[in-house]
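Enquirer: model-v2.pdb (PDB, C-alpha atoms and all ligand atoms) pasted underneath:
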```pdb
ATOM      1  CA  MET E   3       2.540 -97.522 194.859
ATOM      2  CA  LEU E   4       6.121 -97.839 196.022
ATOM      3  CA  GLU E   5       5.408-101.348 197.259
ATOM      4  CA  ARG E   6       4.036-102.345 193.881
ATOM      5  CA  ALA E   7       7.003-100.863 192.083
ATOM      6  CA  GLY E   8       9.251-102.850 194.453
ATOM      7  CA  ALA E   9       7.381-106.093 193.818
ATOM      8  CA  GLU E  10       7.533-105.560 190.076
ATOM      9  CA  MET E  11      11.238-104.792 190.222
ATOM     10  CA  GLU E  12      11.790-107.912 192.312
ATOM     11  CA  ALA E  13       9.874-110.118 189.852
ATOM     12  CA  GLU E  14      11.877-108.645 186.994
ATOM     13  CA  LEU E  15      15.165-109.251 188.815
ATOM     14  CA  ASP E  16      14.229-112.894 189.438
ATOM     15  CA  GLU E  17      13.400-113.372 185.792
ATOM     16  CA  VAL E  18      16.767-111.946 184.823
ATOM     17  CA  ARG E  19      18.450-114.292 187.290
ATOM     18  CA  GLY E  20      16.579-117.213 185.820
ATOM     19  CA  LEU E  21      13.667-118.177 188.102
ATOM     20  CA  PRO E  22       9.948-117.419 187.796
ATOM     21  CA  PRO E  23       8.586-115.191 190.642
ATOM     22  CA  ALA E  24       8.376-116.748 194.110
ATOM     23  CA  ARG E  25       5.128-118.117 195.561
ATOM     24  CA  ALA E  26       3.965-119.160 199.037
ATOM     25  CA  PHE E  27       5.012-122.527 200.489
ATOM     26  CA  GLY E  28       2.003-124.788 201.123
ATOM     27  CA  ARG E  29       1.145-126.835 198.055
ATOM     28  CA  VAL E  30       0.905-130.604 198.152
ATOM     29  CA  GLU E  31       4.105-130.963 196.089
ATOM     30  CA  ASP E  32       5.979-128.921 198.734
ATOM     31  CA  LEU E  33       5.604-131.862 201.118
ATOM     32  CA  ALA E  34       8.279-133.588 199.017
ATOM     33  CA  ILE E  35      10.886-131.177 200.440
ATOM     34  CA  ASP E  36      12.945-133.055 203.030
ATOM     35  CA  PHE E  37      13.955-130.490 205.664
ATOM     36  CA  GLN E  38      16.302-133.011 207.312
ATOM     37  CA  ARG E  39      18.753-132.870 204.392
ATOM     38  CA  ASP E  40      21.844-130.693 204.201
ATOM     39  CA  ARG E  41      20.834-127.020 204.488
ATOM     40  CA  LEU E  42      22.250-126.001 201.109
ATOM     41  CA  MET E  43      20.169-128.712 199.434
ATOM     42  CA  VAL E  44      17.020-127.737 201.357
ATOM     43  CA  VAL E  45      17.343-124.064 200.402
ATOM     44  CA  THR E  46      17.902-124.971 196.745
ATOM     45  CA  GLU E  47      14.865-127.255 196.786
ATOM     46  CA  VAL E  48      12.620-124.607 198.387
ATOM     47  CA  LEU E  49      13.759-121.942 195.894
ATOM     48  CA  ALA E  50      13.307-124.281 192.929
ATOM     49  CA  ARG E  51       9.864-125.525 193.957
ATOM     50  CA  CYS E  52       8.203-122.409 195.364
ATOM     51  CA  CYS E  53       7.867-120.570 192.043
ATOM     52  CA  VAL E  54       4.700-119.492 190.260
ATOM     53  CA  ALA E  55       3.635-121.874 187.499
ATOM     54  CA  SER E  56       5.819-121.680 184.409
ATOM     55  CA  GLY E  57       7.020-124.063 181.762
ATOM     56  CA  MET E  58      10.469-124.237 183.380
ATOM     57  CA  PRO E  59      11.369-127.822 184.404
ATOM     58  CA  LEU E  60      12.272-128.467 188.063
ATOM     59  CA  LYS E  61      15.816-129.490 187.088
ATOM     60  CA  SER E  62      16.435-126.122 185.398
ATOM     61  CA  ARG E  63      14.936-124.274 188.365
ATOM     62  CA  ARG E  64      17.310-126.155 190.726
ATOM     63  CA  ASN E  65      20.198-125.195 188.483
ATOM     64  CA  ALA E  66      19.174-121.524 188.569
ATOM     65  CA  ALA E  67      18.822-121.654 192.379
ATOM     66  CA  TRP E  68      22.388-123.008 192.730
ATOM     67  CA  ASN E  69      23.636-120.142 190.552
ATOM     68  CA  PHE E  70      22.004-117.447 192.728
ATOM     69  CA  SER E  71      24.492-115.640 194.943
ATOM     70  CA  VAL E  72      24.371-116.508 198.647
ATOM     71  CA  GLY E  73      22.634-113.177 199.386
ATOM     72  CA  GLU E  74      20.110-113.649 196.572
ATOM     73  CA  ARG E  75      19.280-117.117 197.899
ATOM     74  CA  ALA E  76      18.591-115.656 201.363
ATOM     75  CA  ARG E  77      16.506-112.823 199.886
ATOM     76  CA  ARG E  78      14.427-115.174 197.743
ATOM     77  CA  LEU E  79      13.921-117.584 200.661
ATOM     78  CA  LEU E  80      12.663-114.682 202.813
ATOM     79  CA  LYS E  81      10.317-113.650 199.996
ATOM     80  CA  ILE E  82       8.825-117.162 200.053
ATOM     81  CA  VAL E  83       8.396-116.941 203.847
ATOM     82  CA  GLU E  84       6.771-113.504 203.457
ATOM     83  CA  CYS E  85       4.286-114.836 200.840
ATOM     84  CA  SER E  86       3.591-117.873 203.059
ATOM     85  CA  LEU E  87       2.957-115.968 206.290
ATOM     86  CA  GLY E  88       1.049-113.109 204.652
ATOM     87  CA  ALA E  89       2.369-110.907 207.482
ATOM     88  CA  PRO E  90       4.704-107.883 207.472
ATOM     89  CA  ALA E  91       7.191-109.487 209.910
ATOM     90  CA  PHE E  92       8.439-112.751 211.331
ATOM     91  CA  GLN E  93       9.676-113.593 214.808
ATOM     92  CA  VAL E  94      13.192-114.590 215.811
ATOM     93  CA  TRP E  95      14.569-115.670 219.197
ATOM     94  CA  LEU E  96      17.407-113.575 220.646
ATOM     95  CA  ALA E  97      19.497-114.144 223.779
ATOM     96  CA  CYS E  98      20.918-111.200 225.771
ATOM     97  CA  PRO E  99      24.744-111.401 225.665
ATOM     98  CA  ALA E 100      25.152-109.842 229.172
ATOM     99  CA  ALA E 101      26.568-112.660 231.324
ATOM    100  CA  ALA E 102      24.398-111.732 234.318
ATOM    101  CA  CYS E 103      21.203-111.625 232.237
ATOM    102  CA  GLN E 104      21.094-114.042 229.260
ATOM    103  CA  GLU E 105      17.375-113.315 228.855
ATOM    104  CA  ARG E 106      15.829-115.023 225.820
ATOM    105  CA  PHE E 107      13.223-112.960 224.018
ATOM    106  CA  HIS E 108      11.305-112.716 220.768
ATOM    107  CA  ALA E 109      11.944-109.922 218.268
ATOM    108  CA  ALA E 110      10.072-109.101 215.083
ATOM    109  CA  VAL E 111      12.040-108.726 211.861
ATOM    110  CA  LEU E 112      10.244-106.740 209.179
ATOM    111  CA  PHE E 113      10.357-108.123 205.661
ATOM    112  CA  SER E 114      10.622-104.509 204.476
ATOM    113  CA  ASP E 115      14.090-104.477 206.101
ATOM    114  CA  PHE E 116      15.222-106.658 203.204
ATOM    115  CA  ALA E 117      14.200-104.033 200.634
ATOM    116  CA  VAL E 118      15.072-104.760 197.050
ATOM    117  CA  ARG E 119      18.352-103.347 195.937
ATOM    118  CA  PRO E 120      20.454-104.325 192.982
ATOM    119  CA  ALA E 121      22.385-107.422 193.977
ATOM    120  CA  THR E 122      26.121-106.899 194.263
ATOM    121  CA  GLN E 123      27.817-109.192 191.793
ATOM    122  CA  GLU E 124      31.403-108.151 192.382
ATOM    123  CA  VAL E 125      33.542-106.651 195.127
ATOM    124  CA  GLY E 126      36.906-104.954 194.789
ATOM    125  CA  VAL E 127      39.477-105.478 197.554
ATOM    126  CA  GLU E 128      42.654-103.465 197.904
ATOM    127  CA  LEU E 129      45.400-105.637 199.349
ATOM    128  CA  SER E 130      48.712-104.488 200.787
ATOM    129  CA  GLY E 131      51.139-103.204 198.168
ATOM    130  CA  GLU E 132      48.200-101.443 196.432
ATOM    131  CA  LYS E 133      47.274-104.661 194.693
ATOM    132  CA  MET E 134      43.619-104.702 193.678
ATOM    133  CA  VAL E 135      41.640-107.912 193.283
ATOM    134  CA  ARG E 136      38.096-108.176 192.010
ATOM    135  CA  LEU E 137      35.990-111.015 193.358
ATOM    136  CA  ARG E 138      32.573-112.155 192.208
ATOM    137  CA  VAL E 139      30.189-112.849 195.109
ATOM    138  CA  PRO E 140      29.825-116.563 196.008
ATOM    139  CA  THR E 141      26.861-118.603 194.786
ATOM    140  CA  GLY E 142      25.071-121.584 196.339
ATOM    141  CA  ARG E 143      27.157-123.793 194.055
ATOM    142  CA  ASP E 144      30.408-122.305 195.460
ATOM    143  CA  GLN E 145      29.161-123.008 198.982
ATOM    144  CA  ALA E 146      28.433-126.623 198.041
ATOM    145  CA  VAL E 147      31.960-127.068 196.629
ATOM    146  CA  TRP E 148      33.607-125.495 199.702
ATOM    147  CA  LYS E 149      31.530-127.627 202.031
ATOM    148  CA  GLU E 150      33.155-130.726 200.559
ATOM    149  CA  ARG E 151      36.648-129.335 201.096
ATOM    150  CA  ARG E 152      38.629-129.562 204.327
ATOM    151  CA  PHE E 153      40.600-126.452 205.250
ATOM    152  CA  ALA E 154      43.255-126.577 207.959
ATOM    153  CA  THR E 155      42.714-122.963 209.071
ATOM    154  CA  LYS E 156      40.257-120.127 208.506
ATOM    155  CA  GLY E 157      43.029-118.273 206.644
ATOM    156  CA  GLU E 158      43.464-121.182 204.225
ATOM    157  CA  ALA E 159      39.701-121.290 203.674
ATOM    158  CA  ILE E 160      39.539-117.559 202.879
ATOM    159  CA  TYR E 161      42.516-117.823 200.527
ATOM    160  CA  GLU E 162      41.061-120.791 198.622
ATOM    161  CA  MET E 163      37.692-119.050 198.408
ATOM    162  CA  ALA E 164      39.361-115.888 197.089
ATOM    163  CA  ILE E 165      41.162-117.914 194.404
ATOM    164  CA  SER E 166      37.928-119.475 193.211
ATOM    165  CA  LEU E 167      36.107-116.116 193.224
ATOM    166  CA  ALA E 168      38.864-113.919 191.758
ATOM    167  CA  ARG E 169      38.130-112.465 188.314
ATOM    168  CA  ASP E 170      41.857-112.696 187.728
ATOM    169  CA  ALA E 171      43.499-115.149 190.148
ATOM    170  CA  SER E 172      46.976-114.136 188.909
ATOM    171  CA  ASN E 173      46.464-110.810 190.754
ATOM    172  CA  LEU E 174      46.421-112.696 194.046
ATOM    173  CA  PRO E 175      49.818-113.056 195.715
ATOM    174  CA  VAL E 176      50.907-116.652 196.411
ATOM    175  CA  ARG E 177      50.822-115.956 200.144
ATOM    176  CA  LEU E 178      48.624-113.508 201.977
ATOM    177  CA  GLY E 179      49.216-111.908 205.374
ATOM    178  CA  ARG E 180      46.638-111.804 208.150
ATOM    179  CA  SER E 181      45.509-108.236 207.317
ATOM    180  CA  ASP E 182      44.926-109.131 203.635
ATOM    181  CA  LEU E 183      42.946-112.218 204.651
ATOM    182  CA  ASN E 184      40.870-110.033 206.983
ATOM    183  CA  MET E 185      40.257-107.544 204.164
ATOM    184  CA  LEU E 186      39.014-110.316 201.875
ATOM    185  CA  ASP E 187      36.808-111.761 204.617
ATOM    186  CA  LEU E 188      35.315-108.339 205.446
ATOM    187  CA  ALA E 189      34.726-107.447 201.789
ATOM    188  CA  LEU E 190      32.819-110.664 201.127
ATOM    189  CA  THR E 191      30.795-110.322 204.332
ATOM    190  CA  ALA E 192      29.904-106.710 203.545
ATOM    191  CA  ALA E 193      28.904-107.556 199.955
ATOM    192  CA  ASP E 194      25.443-108.561 201.144
ATOM    193  CA  PRO E 195      24.105-107.544 204.570
ATOM    194  CA  LEU E 196      21.647-110.459 204.497
ATOM    195  CA  VAL E 197      24.501-112.966 204.653
ATOM    196  CA  ALA E 198      25.754-111.623 207.987
ATOM    197  CA  PHE E 199      22.543-109.997 209.203
ATOM    198  CA  VAL E 200      22.664-108.123 212.500
ATOM    199  CA  LEU E 201      19.685-106.914 214.560
ATOM    200  CA  ARG E 202      20.078-104.088 217.047
ATOM    201  CA  ARG E 203      17.621-104.441 219.907
ATOM    202  CA  PRO E 204      17.458-103.469 223.610
ATOM    203  CA  CYS E 205      17.119-106.414 226.015
ATOM    204  CA  PRO E 206      13.625-106.213 227.615
ATOM    205  CA  LYS E 207      15.012-107.373 230.989
ATOM    206  CA  CYS E 208      18.243-105.408 231.559
ATOM    207  CA  GLY E 209      17.924-102.748 228.845
ATOM    208  CA  ASN E 210      21.330-103.651 227.397
ATOM    209  CA  HIS E 211      21.516-102.442 223.773
ATOM    210  CA  ALA E 212      23.164-105.239 221.882
ATOM    211  CA  GLN E 213      23.836-106.393 218.339
ATOM    212  CA  PHE E 214      22.474-109.820 217.594
ATOM    213  CA  PRO E 215      23.764-111.758 214.617
ATOM    214  CA  VAL E 216      20.752-113.544 213.096
ATOM    215  CA  ASP E 217      21.050-116.547 210.827
ATOM    216  CA  LEU E 218      18.223-115.497 208.488
ATOM    217  CA  GLU E 219      18.416-118.627 206.351
ATOM    218  CA  LYS E 220      18.043-120.860 209.407
ATOM    219  CA  CYS E 221      15.126-118.750 210.769
ATOM    220  CA  ALA E 222      13.394-118.808 207.375
ATOM    221  CA  LEU E 223      13.695-122.597 207.127
ATOM    222  CA  GLU E 224      12.346-122.979 210.667
ATOM    223  CA  CYS E 225       9.300-120.860 209.686
ATOM    224  CA  LEU E 226       8.670-123.113 206.688
ATOM    225  CA  GLN E 227       9.072-126.245 208.821
ATOM    226  CA  ASP E 228       6.450-124.895 211.241
ATOM    227  CA  LEU E 229       4.116-124.290 208.293
ATOM    228  CA  ARG E 230       4.767-127.838 207.075
ATOM    229  CA  ALA E 231       3.834-129.200 210.507
ATOM    230  CA  VAL E 232       0.501-127.309 210.293
ATOM    231  CA  MET E 233      -0.079-128.728 206.793
ATOM    232  CA  ILE E 234       0.482-132.293 208.030
ATOM    233  CA  GLU E 235      -1.776-131.733 211.045
ATOM    234  CA  ASP E 236      -4.547-130.328 208.828
ATOM    235  CA  ILE E 237      -4.234-133.191 206.351
ATOM    236  CA  HIS E 238      -4.561-135.699 209.192
ATOM    237  CA  PHE E 239      -7.474-133.803 210.758
ATOM    238  CA  PHE E 240      -9.519-133.353 207.564
ATOM    239  CA  ALA E 241      -8.854-136.909 206.359
ATOM    240  CA  LYS E 242     -10.496-138.120 209.571
ATOM    241  CA  ALA E 243     -13.223-135.464 209.616
ATOM    242  CA  TYR E 244     -14.314-135.269 205.957
ATOM    243  CA  GLY E 245     -12.244-137.956 204.209
ATOM    244  CA  TRP E 246     -10.317-135.310 202.235
ATOM    245  CA  SER E 247      -7.095-136.183 200.400
ATOM    246  CA  GLU E 248      -3.817-134.282 200.873
ATOM    247  CA  ARG E 249      -4.499-132.279 197.728
ATOM    248  CA  GLN E 250      -8.102-131.463 198.683
ATOM    249  CA  THR E 251      -7.087-130.217 202.143
ATOM    250  CA  LEU E 252      -4.247-128.025 200.914
ATOM    251  CA  ALA E 253      -6.405-126.567 198.129
ATOM    252  CA  VAL E 254      -8.548-124.937 200.856
ATOM    253  CA  PRO E 255      -6.983-121.703 202.162
ATOM    254  CA  GLN E 256      -5.757-121.816 205.775
ATOM    255  CA  THR E 257      -8.342-119.284 206.999
ATOM    256  CA  ARG E 258     -11.221-121.477 205.724
ATOM    257  CA  ARG E 259      -9.610-124.623 207.146
ATOM    258  CA  ASN E 260      -9.615-122.864 210.521
ATOM    259  CA  GLU E 261     -13.317-122.021 210.095
ATOM    260  CA  TYR E 262     -14.155-125.679 209.398
ATOM    261  CA  ARG E 263     -12.107-126.722 212.405
ATOM    262  CA  ARG E 264     -14.114-124.302 214.567
ATOM    263  CA  LEU E 265     -17.409-125.733 213.300
ATOM    264  CA  ILE E 266     -16.259-129.297 213.994
ATOM    265  CA  ALA E 267     -15.134-128.269 217.492
ATOM    266  CA  ILE E 268     -18.574-126.689 218.179
ATOM    267  CA  GLU E 269     -20.350-129.851 217.008
ATOM    268  CA  GLU E 270     -18.124-132.011 219.190
ATOM    269  CA  THR E 271     -18.897-129.838 222.239
ATOM    270  CA  GLU E 272     -22.634-130.057 221.523
ATOM    271  CA  LEU E 273     -22.433-133.864 221.349
ATOM    272  CA  LEU E 274     -20.825-134.081 224.799
TER     273      LEU E 274
HETATM  274 ZN    ZN M   1      19.631-108.577 229.204
END
```
Let me see the file written as C-alpha cells.

Expert:
Amino acid sequence: MLERAGAEMEAELDEVRGLPPARAFGRVEDLAIDFQRDRLMVVTEVLARCCVASGMPLKSRRNAAWNFSVGERARRLLKIVECSLGAPAFQVWLACPAAACQERFHAAVLFSDFAVRPATQEVGVELSGEKMVRLRVPTGRDQAVWKERRFATKGEAIYEMAISLARDASNLPVRLGRSDLNMLDLALTAADPLVAFVLRRPCPKCGNHAQFPVDLEKCALECLQDLRAVMIEDIHFFAKAYGWSERQTLAVPQTRRNEYRRLIAIEETELL
C-alpha cells in the first residue's frame, strides 16, 4: 500500500517536473544511446528516452531532463535501473580504506534507500556578517555550463557557482573567505544526499567500519551498460539461431529469452 502510494507520488512528481513516468531500459531504440559520450549527455539521453509512451517529443524530453536538478537526475536514473533490474537492490564495489587491508568487496544498495521525498529546490546559507543568501539547487544544465568553464581554484569554482545559483546575487559579497566558501559547498552538498551518497558498511575482511562515498550516477550507468551488453549478445544469438531482428529479440522478455537459450543448449548437447 505504502509502496503504491510512493510510486504514485513519484509519477506525479515527474509529471510536475515535466517528464512522463520512467520505464525500464531495454527497448530497441535504447541501443541508440552512446554510453561513450560525456556523462552529462549520457544521463540526459537515458532520462529522455526511458519514459513511458507519451506524445512528448524527444527534444522536449531532453530539455526537461536538463532542467531536472542534479539530485532529481540521479533519482530518476536509479528509478530506471530499478525498473530494468526488477530487483530490490543493486550491487556496488567498495574498497576498504584501511592501508593494511584494501579489500575490495561487493555491497548491495537498496532502491528503497532512495525513498521519495520532496525535492529540495532551494537552500539558504548564512554567511559571516549574518548575511543570508538563497541558492536554487543546480540542474543538469548548470553542470553542463560549469563543465565548459575553467576555474583556477576550487574556491573560485564555488564562488562562480554560487553567483549563478543565487536568487539575489547582489547579496553575495564581492569576495568570500574560506569559511564562507566551505559553508556554500556544504549547503549545496547537503541539499540532496544522492549527490554525495555515502554507504556505511563493515569491511568483511578486517571488520573496519568505514564510510564509502558512492558515485551513484556512475554505478547506475554501469548497470545499464551491462544490460546493453546482454541485449547485444541476445540479438546476435537469436539472429543466428532463429533469424530474429533486433526488434523481435528485444520484444521477448528476458526470462523467455533465457528459456529459449536453454532449449537451444539442450538440443546442441543432444546433437553432440
Ligand atoms: Zn578491511

Enquirer: My list of candidates is E:Val45, E:Val200, E:Met233, E:Ala110. Which is closest to E:Val72 when distances are computed with only C-alpha atoms?

Expert: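 Answer, going by the shortest atom-to-atom distance: E:Val45.
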
Enquirer: Write out as CSV a residue-level contact list of chain E versus ligand ZN 1 (chain M) with cut-off 9 Å: for each qualifying residue the closest pair of atoms and the distance in Å to one decimal, counting all atoms listed in the file, rows sorted by chain and residue number upward.

Expert:
```
residue,atom,partner,partner_atom,distance
E:Ala97,CA,M:ZN1,ZN,7.8
E:Cys98,CA,M:ZN1,ZN,4.5
E:Pro99,CA,M:ZN1,ZN,6.8
E:Ala100,CA,M:ZN1,ZN,5.7
E:Ala101,CA,M:ZN1,ZN,8.3
E:Ala102,CA,M:ZN1,ZN,7.7
E:Cys103,CA,M:ZN1,ZN,4.6
E:Gln104,CA,M:ZN1,ZN,5.7
E:Glu105,CA,M:ZN1,ZN,5.3
E:Arg106,CA,M:ZN1,ZN,8.2
E:Pro204,CA,M:ZN1,ZN,7.9
E:Cys205,CA,M:ZN1,ZN,4.6
E:Pro206,CA,M:ZN1,ZN,6.6
E:Lys207,CA,M:ZN1,ZN,5.1
E:Cys208,CA,M:ZN1,ZN,4.2
E:Gly209,CA,M:ZN1,ZN,6.1
E:Asn210,CA,M:ZN1,ZN,5.5
E:His211,CA,M:ZN1,ZN,8.4
E:Ala212,CA,M:ZN1,ZN,8.8
```

Enquirer: Skipping near chain neighbours, those fewer than 6 positions away, what residues fall within 12 Å of stretch 166-183 of chain E using all atoms listed in the file, listed as a CSV table (one decimal) with C-alpha atoms, in the coordinates of the input?

Expert:
```
chain,number,residue,atom,x,y,z
E,71,SER,CA,24.5,-115.6,194.9
E,123,GLN,CA,27.8,-109.2,191.8
E,124,GLU,CA,31.4,-108.2,192.4
E,125,VAL,CA,33.5,-106.7,195.1
E,126,GLY,CA,36.9,-105.0,194.8
E,127,VAL,CA,39.5,-105.5,197.6
E,128,GLU,CA,42.7,-103.5,197.9
E,129,LEU,CA,45.4,-105.6,199.3
E,130,SER,CA,48.7,-104.5,200.8
E,131,GLY,CA,51.1,-103.2,198.2
E,132,GLU,CA,48.2,-101.4,196.4
E,133,LYS,CA,47.3,-104.7,194.7
E,134,MET,CA,43.6,-104.7,193.7
E,135,VAL,CA,41.6,-107.9,193.3
E,136,ARG,CA,38.1,-108.2,192.0
E,137,LEU,CA,36.0,-111.0,193.4
E,138,ARG,CA,32.6,-112.2,192.2
E,139,VAL,CA,30.2,-112.8,195.1
E,140,PRO,CA,29.8,-116.6,196.0
E,141,THR,CA,26.9,-118.6,194.8
E,143,ARG,CA,27.2,-123.8,194.1
E,144,ASP,CA,30.4,-122.3,195.5
E,145,GLN,CA,29.2,-123.0,199.0
E,147,VAL,CA,32.0,-127.1,196.6
E,148,TRP,CA,33.6,-125.5,199.7
E,155,THR,CA,42.7,-123.0,209.1
E,156,LYS,CA,40.3,-120.1,208.5
E,157,GLY,CA,43.0,-118.3,206.6
E,158,GLU,CA,43.5,-121.2,204.2
E,159,ALA,CA,39.7,-121.3,203.7
E,160,ILE,CA,39.5,-117.6,202.9
E,189,ALA,CA,34.7,-107.4,201.8
E,190,LEU,CA,32.8,-110.7,201.1
```

Enquirer: Expressed in Å to a single decimal, how great is the separation between atom CA of E:Phe240 and atom CA of E:Arg25?

Expert: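 Between atom CA of E:Phe240 and atom CA of E:Arg25 the gap is 24.3 Å.
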
Enquirer: Rank nothing, just name the residue among E:Asp115, E:Glu162, E:Asp32, E:Asp217 nearest to E:Ala231, using only C-alpha atoms.

Expert: E:Asp32

Enquirer: For this file, the PyMOL selection byres (((chain E and resi 223-229) around 9) and not hetatm) selects which residues, as a PyMOL selection string?

Expert: chain E and resi 27-28+37+41+44-45+79+82-83+86-87+92-93+218-222+230-234

Enquirer: Applying 9 Å and all atoms listed in the file, which residues near E:Ile35 remain after dropping the ones on its own chain fewer than 4 positions away? List them as a short mmCIF file (atom, residue, chain, number, x, y, z; two decimals) with C-alpha atoms, in the coordinates of the input.

Expert:
```
data_model
loop_
_atom_site.label_atom_id
_atom_site.label_comp_id
_atom_site.auth_asym_id
_atom_site.auth_seq_id
_atom_site.Cartn_x
_atom_site.Cartn_y
_atom_site.Cartn_z
CA GLU E 31 4.11 -130.96 196.09
CA ARG E 39 18.75 -132.87 204.39
CA VAL E 44 17.02 -127.74 201.36
CA GLU E 47 14.86 -127.26 196.79
CA VAL E 48 12.62 -124.61 198.39
CA ARG E 51 9.86 -125.52 193.96
#
```

Enquirer: On this structure, which residues satisfy the PyMOL selection byres (((chain E and resi 260-272) around 12) and not hetatm), written as number ranges by chain?

Expert: E: 232-233, 235-237, 239-240, 242-244, 251, 254-259, 273-274
